[in-house]
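These notes are about the structure you will find just below.
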Amino acid sequence: MGVSSSSPVMVPGGVARRRLDQASGLRAAMNPQPSDKVRIQVIAVSSGKGGVGKSNVVANLAVASARQGRKVLVMDADLALGNVDILLGLTPHYTIEDVLSGQRRLEEVLIAGPEGIQILPATSGGQAFTQLTHEQQLLLQSAFLQLASPPDLLLIDCAAGISANVLYFSLVAHETLVVVSPDPTSLTDAYALVKILSTRYHLRTFRMLVNKVKHNQEGKEVFRKFSLVTDRFLTISLDYLGCIPADDYVTMAVAQQRAVCDVYPRAPASRAFTSLVKAVNDWREDLSWQGGFQLFGPAALGATRTVTEG
Ligand SMILES: Nc1ncnc2c1ncn2[C@@H]1O[C@H](COP(=O)(O)OP(=O)(O)O)[C@@H](O)[C@H]1O
Ligand SMILES: [Mg+2]
């Protein structure tokens with residue numbers, strides 16, 4: 001499952017990520033930047049197929065992480081059919097649309113969720129932002145860069161499918177977490193996503209979470225089968241984050257518009273989410289912080305253009 005370190009990386013975002021990884025120590029030592037102080041770990045959560053539980057994963061990973069002391073912002077990046085606010089029983093006054101149209105500052109649009117997490121809500125039923133323009137991407141980036149009190153973890157709930165927005169958010173994040181379920185169609189759709197990101201945009205590292213498993217062994221088995229295929233046909237590094245059991249408490253929590261970690265903290269799924277927090281925190285050790293925040297800013301711009309025009 002390894003990846004050759006000499007793989008060509010041609011997409012500017014990918015170049016930035018790889019180069020910054022290599023040079024960050026030296027550069028940080030020589031030239032401390034403001035971004036040394038602003039350390040936002042950015043994780044794009046994608047799935048290919050809808051309905052695998054991606055939004056639940058985002059909401060619960062956010063709650064579990066906040067409970068363990070992290071300052072979390074969830075961005076609902078399903079810009080046309082967002083539902084993170086509904087999952088958490090929140091009623092937003094404004095949405096990301098107001099930020100993108102320049103009507104509101106990001107701070108005015110963020111709403112508070114359980115455990116102090118912040119949510120950037122999306123519109124539901126909107127058409128305007130199914131594909132962000134380059135200007136809108138810039139606007140969003142600068143809104144994050146200007147946050148007076150930035151989060152230390154930004155979880156992006158991407159839309160299903162392989163739209164330009166999904167590709168864009170995957171490329172500007174530090175990590176792309178792919179959520180699958182044991183359902184074979186979820187695996188083929190996730191493969192399509194990973195394939196396009198790796199072959200067309202040269203993204204090389206992915207993490208995988210298997211949701212709705214009967215038992216831990218099933219999660220490992222799904223991952224093993226998926227990685228057999230990616231090992232054979234793609235040049236990527238794919239790491240297993242873990243699995244979340246299919247749990248009726250999740251269904252009950254969804255019906256109550258609460259995160260399962262919030263309302264049933266001892267449920268099997270909640271315990272599983274809690275156990276993943278440490279691994280997600282540990283990913284930070286491999287990050288180039290200096291590049292990290294910039295990847296959601298200037299260094300991502302090349303990738304932005306490539307994705308929207310490619
Ligand atoms: N671990 C789980 N156990 C049981 N049901 C789950 C689990 N995760 C998600 N679900 C159910 O799957 C459905 C889709 O979840 P959602 O998070 O909205 O998916 P997505 O964002 O991938 O479209 C919801 O009805 C939710 O209750
Ligand atoms: Mg969703």
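We name chains A, B, ... following the order of the structure tokens; residues begin at 1 in each chain, and ligands are numbered from 1 as shown.
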Test item: residues at most 9 Å from Asn165 of chain A, only C-alpha atoms, excluding those fewer than 6 positions along its chain, as an MDAnalysis selection string: chainID A and resid 77:79 129:132 158:159 307:308
Secondary structure check, helix (DSSP H, G or I) residues of segment 47-170 of chain A, as a PyMOL selection string: chain A and resi 54-67+84-87+96-100+106-109+114-116+134-145+164-170
Restrict the calculation to only C-alpha atoms, then for each residue of segment 72-109 of chain A with any atom at most 10 Å from an atom of segment 141-146 of chain A give the closest atom pair and their distance in Å to one decimal, rows by chain and rising residue number, as a tab-separated table.
```
residue	atom	partner	partner_atom	distance
A:Val99	CA	A:Ala143	CA	7.9
A:Leu100	CA	A:Ala143	CA	9.2
A:Gly102	CA	A:Ala143	CA	9.9
A:Arg105	CA	A:Ala143	CA	7.2
A:Leu106	CA	A:Ala143	CA	6.0
A:Glu107	CA	A:Ala143	CA	8.8
```
Could you build a table of the residues in chain A lying no more than 10 Å from ligand 2, giving for each the nearest pair of atoms and their separation in Å rounded to one decimal place, using only C-alpha atoms and all ligand atoms, ordered by chain and ascending residue number, as a Markdown table?
```
| residue | atom | partner | partner_atom_place_in_ligand_line | distance |
| --- | --- | --- | --- | --- |
| A:Val45 | CA | ligand 2 | 1 (Mg) | 9.9 |
| A:Ser46 | CA | ligand 2 | 1 (Mg) | 9.3 |
| A:Ser47 | CA | ligand 2 | 1 (Mg) | 9.3 |
| A:Lys49 | CA | ligand 2 | 1 (Mg) | 9.7 |
| A:Gly50 | CA | ligand 2 | 1 (Mg) | 6.6 |
| A:Gly51 | CA | ligand 2 | 1 (Mg) | 6.8 |
| A:Val52 | CA | ligand 2 | 1 (Mg) | 8.2 |
| A:Gly53 | CA | ligand 2 | 1 (Mg) | 6.7 |
| A:Lys54 | CA | ligand 2 | 1 (Mg) | 5.4 |
| A:Ser55 | CA | ligand 2 | 1 (Mg) | 4.1 |
| A:Asn56 | CA | ligand 2 | 1 (Mg) | 7.3 |
| A:Val57 | CA | ligand 2 | 1 (Mg) | 9.1 |
| A:Val58 | CA | ligand 2 | 1 (Mg) | 8.8 |
| A:Ala59 | CA | ligand 2 | 1 (Mg) | 9.9 |
| A:Asp76 | CA | ligand 2 | 1 (Mg) | 8.6 |
| A:Ala77 | CA | ligand 2 | 1 (Mg) | 9.3 |
| A:Asp78 | CA | ligand 2 | 1 (Mg) | 7.3 |
| A:Leu81 | CA | ligand 2 | 1 (Mg) | 8.3 |
| A:Gly82 | CA | ligand 2 | 1 (Mg) | 7.0 |
| A:Asn83 | CA | ligand 2 | 1 (Mg) | 6.4 |
| A:Val84 | CA | ligand 2 | 1 (Mg) | 7.1 |
| A:Leu87 | CA | ligand 2 | 1 (Mg) | 9.1 |
| A:Asp157 | CA | ligand 2 | 1 (Mg) | 7.0 |
| A:Cys158 | CA | ligand 2 | 1 (Mg) | 7.6 |
| A:Ala159 | CA | ligand 2 | 1 (Mg) | 6.7 |
| A:Ala160 | CA | ligand 2 | 1 (Mg) | 7.3 |
```
Would you mind exporting the chosen residues as a compact mmCIF listing (two decimals), in the first residue's frame, restricted to N, CA and C atoms?
```txt
# COMPACT_ATOMS: atom_id res chain seq x y z
N VAL A 45 -13.98 15.21 3.99
CA VAL A 45 -14.61 13.89 4.13
C VAL A 45 -15.51 13.68 2.90
N SER A 46 -15.18 12.65 2.14
CA SER A 46 -15.90 12.37 0.89
C SER A 46 -16.34 10.92 0.88
N SER A 47 -17.15 10.58 -0.12
CA SER A 47 -17.61 9.19 -0.14
C SER A 47 -17.85 8.63 -1.53
N LYS A 49 -20.39 7.76 -3.10
CA LYS A 49 -21.83 7.53 -3.04
C LYS A 49 -22.47 8.28 -1.85
N GLY A 50 -23.69 8.72 -2.03
CA GLY A 50 -24.45 9.30 -0.92
C GLY A 50 -25.06 8.21 -0.05
N GLY A 51 -25.43 8.56 1.16
CA GLY A 51 -26.13 7.62 2.03
C GLY A 51 -25.25 6.67 2.81
N VAL A 52 -23.93 6.80 2.68
CA VAL A 52 -23.05 5.88 3.42
C VAL A 52 -22.87 6.33 4.88
N GLY A 53 -23.30 7.55 5.18
CA GLY A 53 -23.20 8.05 6.55
C GLY A 53 -22.13 9.12 6.71
N LYS A 54 -21.75 9.73 5.62
CA LYS A 54 -20.67 10.73 5.65
C LYS A 54 -20.99 11.89 6.58
N SER A 55 -22.19 12.44 6.46
CA SER A 55 -22.53 13.60 7.30
C SER A 55 -22.57 13.21 8.78
N ASN A 56 -23.04 12.00 9.05
CA ASN A 56 -23.01 11.52 10.43
C ASN A 56 -21.58 11.36 10.94
N VAL A 57 -20.72 10.87 10.06
CA VAL A 57 -19.31 10.72 10.44
C VAL A 57 -18.72 12.09 10.78
N VAL A 58 -18.99 13.06 9.92
CA VAL A 58 -18.45 14.41 10.14
C VAL A 58 -18.97 14.98 11.47
N ALA A 59 -20.29 14.92 11.64
CA ALA A 59 -20.90 15.51 12.85
C ALA A 59 -20.36 14.84 14.11
N ASP A 76 -20.25 22.56 5.91
CA ASP A 76 -21.13 21.77 5.07
C ASP A 76 -20.84 22.16 3.62
N ALA A 77 -20.08 21.30 2.95
CA ALA A 77 -19.66 21.63 1.59
C ALA A 77 -20.55 20.96 0.55
N ASP A 78 -21.67 20.42 1.00
CA ASP A 78 -22.69 19.99 0.04
C ASP A 78 -23.52 21.25 -0.23
N LEU A 81 -27.22 20.75 -1.49
CA LEU A 81 -28.15 19.91 -0.72
C LEU A 81 -27.60 19.65 0.69
N GLY A 82 -27.15 20.71 1.32
CA GLY A 82 -26.56 20.55 2.64
C GLY A 82 -27.57 20.11 3.68
N ASN A 83 -27.10 19.35 4.68
CA ASN A 83 -28.03 18.94 5.73
C ASN A 83 -27.38 18.74 7.10
N VAL A 84 -26.18 19.22 7.27
CA VAL A 84 -25.52 19.06 8.57
C VAL A 84 -26.33 19.78 9.65
N LEU A 87 -29.23 17.62 10.58
CA LEU A 87 -28.78 16.48 11.39
C LEU A 87 -28.60 16.87 12.85
N ASP A 157 -17.59 18.47 5.09
CA ASP A 157 -18.54 17.44 4.64
C ASP A 157 -18.82 17.68 3.16
N CYS A 158 -18.12 16.94 2.31
CA CYS A 158 -18.24 17.15 0.87
C CYS A 158 -19.54 16.54 0.36
N ALA A 159 -19.98 17.01 -0.78
CA ALA A 159 -21.15 16.42 -1.44
C ALA A 159 -20.79 15.02 -1.93
N ALA A 160 -21.82 14.22 -2.18
CA ALA A 160 -21.58 12.93 -2.82
C ALA A 160 -21.17 13.19 -4.27
```
Residue among A:Arg70, A:Lys220, A:His174, A:Arg232 lying closest to Phe206 of chain A, counting only C-alpha atoms: A:His174
Coordinates-based distance that separates atom CA of Ile119 of chain A from atom CA of Leu73 of chain A (Å, one decimal):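 Calculated distance between atom CA of Leu73 of chain A and atom CA of Ile119 of chain A is 5.7 Å.
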Among listed residues A:Glu108, A:Glu115, A:Asp85, A:Glu97, nearest Asp262 of chain A (using only C-alpha atoms):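 Looking only at the distances to Asp262 of chain A, the closest residue turns out to be A:Glu115.
Once Trp283 of chain A and its same-chain neighbours fewer than 4 positions away are set aside, A:Gln41, A:His174, A:Glu175, A:Lys278, A:Ala279, A:Leu287 remain within 10 Å of it when counting only C-alpha atoms.
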Since we have the selection now, will you write its residues out, keeping N, CA and C atoms, as an mmCIF file, in the first residue's frame?
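Below is the file that was written, result_21.cif:
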```cif
data_model
loop_
_atom_site.group_PDB
_atom_site.id
_atom_site.type_symbol
_atom_site.label_atom_id
_atom_site.label_comp_id
_atom_site.auth_asym_id
_atom_site.auth_seq_id
_atom_site.Cartn_x
_atom_site.Cartn_y
_atom_site.Cartn_z
ATOM 1 N N GLN A 41 -6.030 22.028 11.134
ATOM 2 C CA GLN A 41 -5.949 20.746 10.436
ATOM 3 C C GLN A 41 -7.207 20.631 9.572
ATOM 4 N N HIS A 174 -5.686 18.898 4.080
ATOM 5 C CA HIS A 174 -4.502 18.113 4.429
ATOM 6 C C HIS A 174 -4.742 16.626 4.202
ATOM 7 N N GLU A 175 -5.968 16.210 4.506
ATOM 8 C CA GLU A 175 -6.295 14.786 4.433
ATOM 9 C C GLU A 175 -7.602 14.623 3.686
ATOM 10 N N LYS A 278 -8.066 10.053 18.555
ATOM 11 C CA LYS A 278 -6.610 10.102 18.774
ATOM 12 C C LYS A 278 -5.855 9.949 17.445
ATOM 13 N N ALA A 279 -6.319 9.008 16.615
ATOM 14 C CA ALA A 279 -5.640 8.806 15.323
ATOM 15 C C ALA A 279 -5.695 10.080 14.485
ATOM 16 N N LEU A 287 2.022 16.692 9.485
ATOM 17 C CA LEU A 287 1.621 17.846 8.687
ATOM 18 C C LEU A 287 2.717 18.879 8.587
#
```
Residues near Gln256 of chain A, cut-off 9 Å, only C-alpha atoms, skip fewer than 5 positions along chain, as an MDAnalysis selection string: chainID A and resid 87:89 251 263
Selection file, N, CA and C atoms, as a PDB file, in the first residue's frame:
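Once everything was written out, this is out.pdb:
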```pdb
ATOM      1  N   LEU A  87     -29.233  17.617  10.581  1.00  0.00           N
ATOM      2  CA  LEU A  87     -28.776  16.477  11.387  1.00  0.00           C
ATOM      3  C   LEU A  87     -28.597  16.871  12.846  1.00  0.00           C
ATOM      4  N   LEU A  88     -28.185  18.126  13.068  1.00  0.00           N
ATOM      5  CA  LEU A  88     -27.905  18.566  14.437  1.00  0.00           C
ATOM      6  C   LEU A  88     -29.039  19.410  15.014  1.00  0.00           C
ATOM      7  N   GLY A  89     -30.172  19.469  14.311  1.00  0.00           N
ATOM      8  CA  GLY A  89     -31.329  20.184  14.833  1.00  0.00           C
ATOM      9  C   GLY A  89     -31.126  21.683  14.956  1.00  0.00           C
ATOM     10  N   THR A 251     -29.550   5.696  14.212  1.00  0.00           N
ATOM     11  CA  THR A 251     -30.858   5.956  13.613  1.00  0.00           C
ATOM     12  C   THR A 251     -31.736   6.763  14.573  1.00  0.00           C
ATOM     13  N   VAL A 263     -26.018  12.555  22.199  1.00  0.00           N
ATOM     14  CA  VAL A 263     -27.212  12.119  22.928  1.00  0.00           C
ATOM     15  C   VAL A 263     -27.056  10.709  23.512  1.00  0.00           C
TER      16      VAL A 263
END
```
Atomic separation - atom CA of Leu171 of chain A relative to atom 4 (C, counted along the ligand's line) of ligand 1, Å: 29.2 Å
Å distance separating atom CA of Tyr240 of chain A from atom CA of Val260 of chain A, one decimal place: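 Result for atom CA of Tyr240 of chain A versus atom CA of Val260 of chain A: 22.5 Å, one decimal.
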DSSP strand (DSSP E) selection over segment 42-288 of chain A, as an NGL selection string: :A and (42-46 or 72-77 or 111-112 or 118-120 or 153-158 or 175-180 or 205-213 or 237-245)
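Among the candidates A:Lys195, A:Gly219, A:Val250, A:Tyr264, the one nearest to Ile236 of chain A when counting only C-alpha atoms is A:Lys195.
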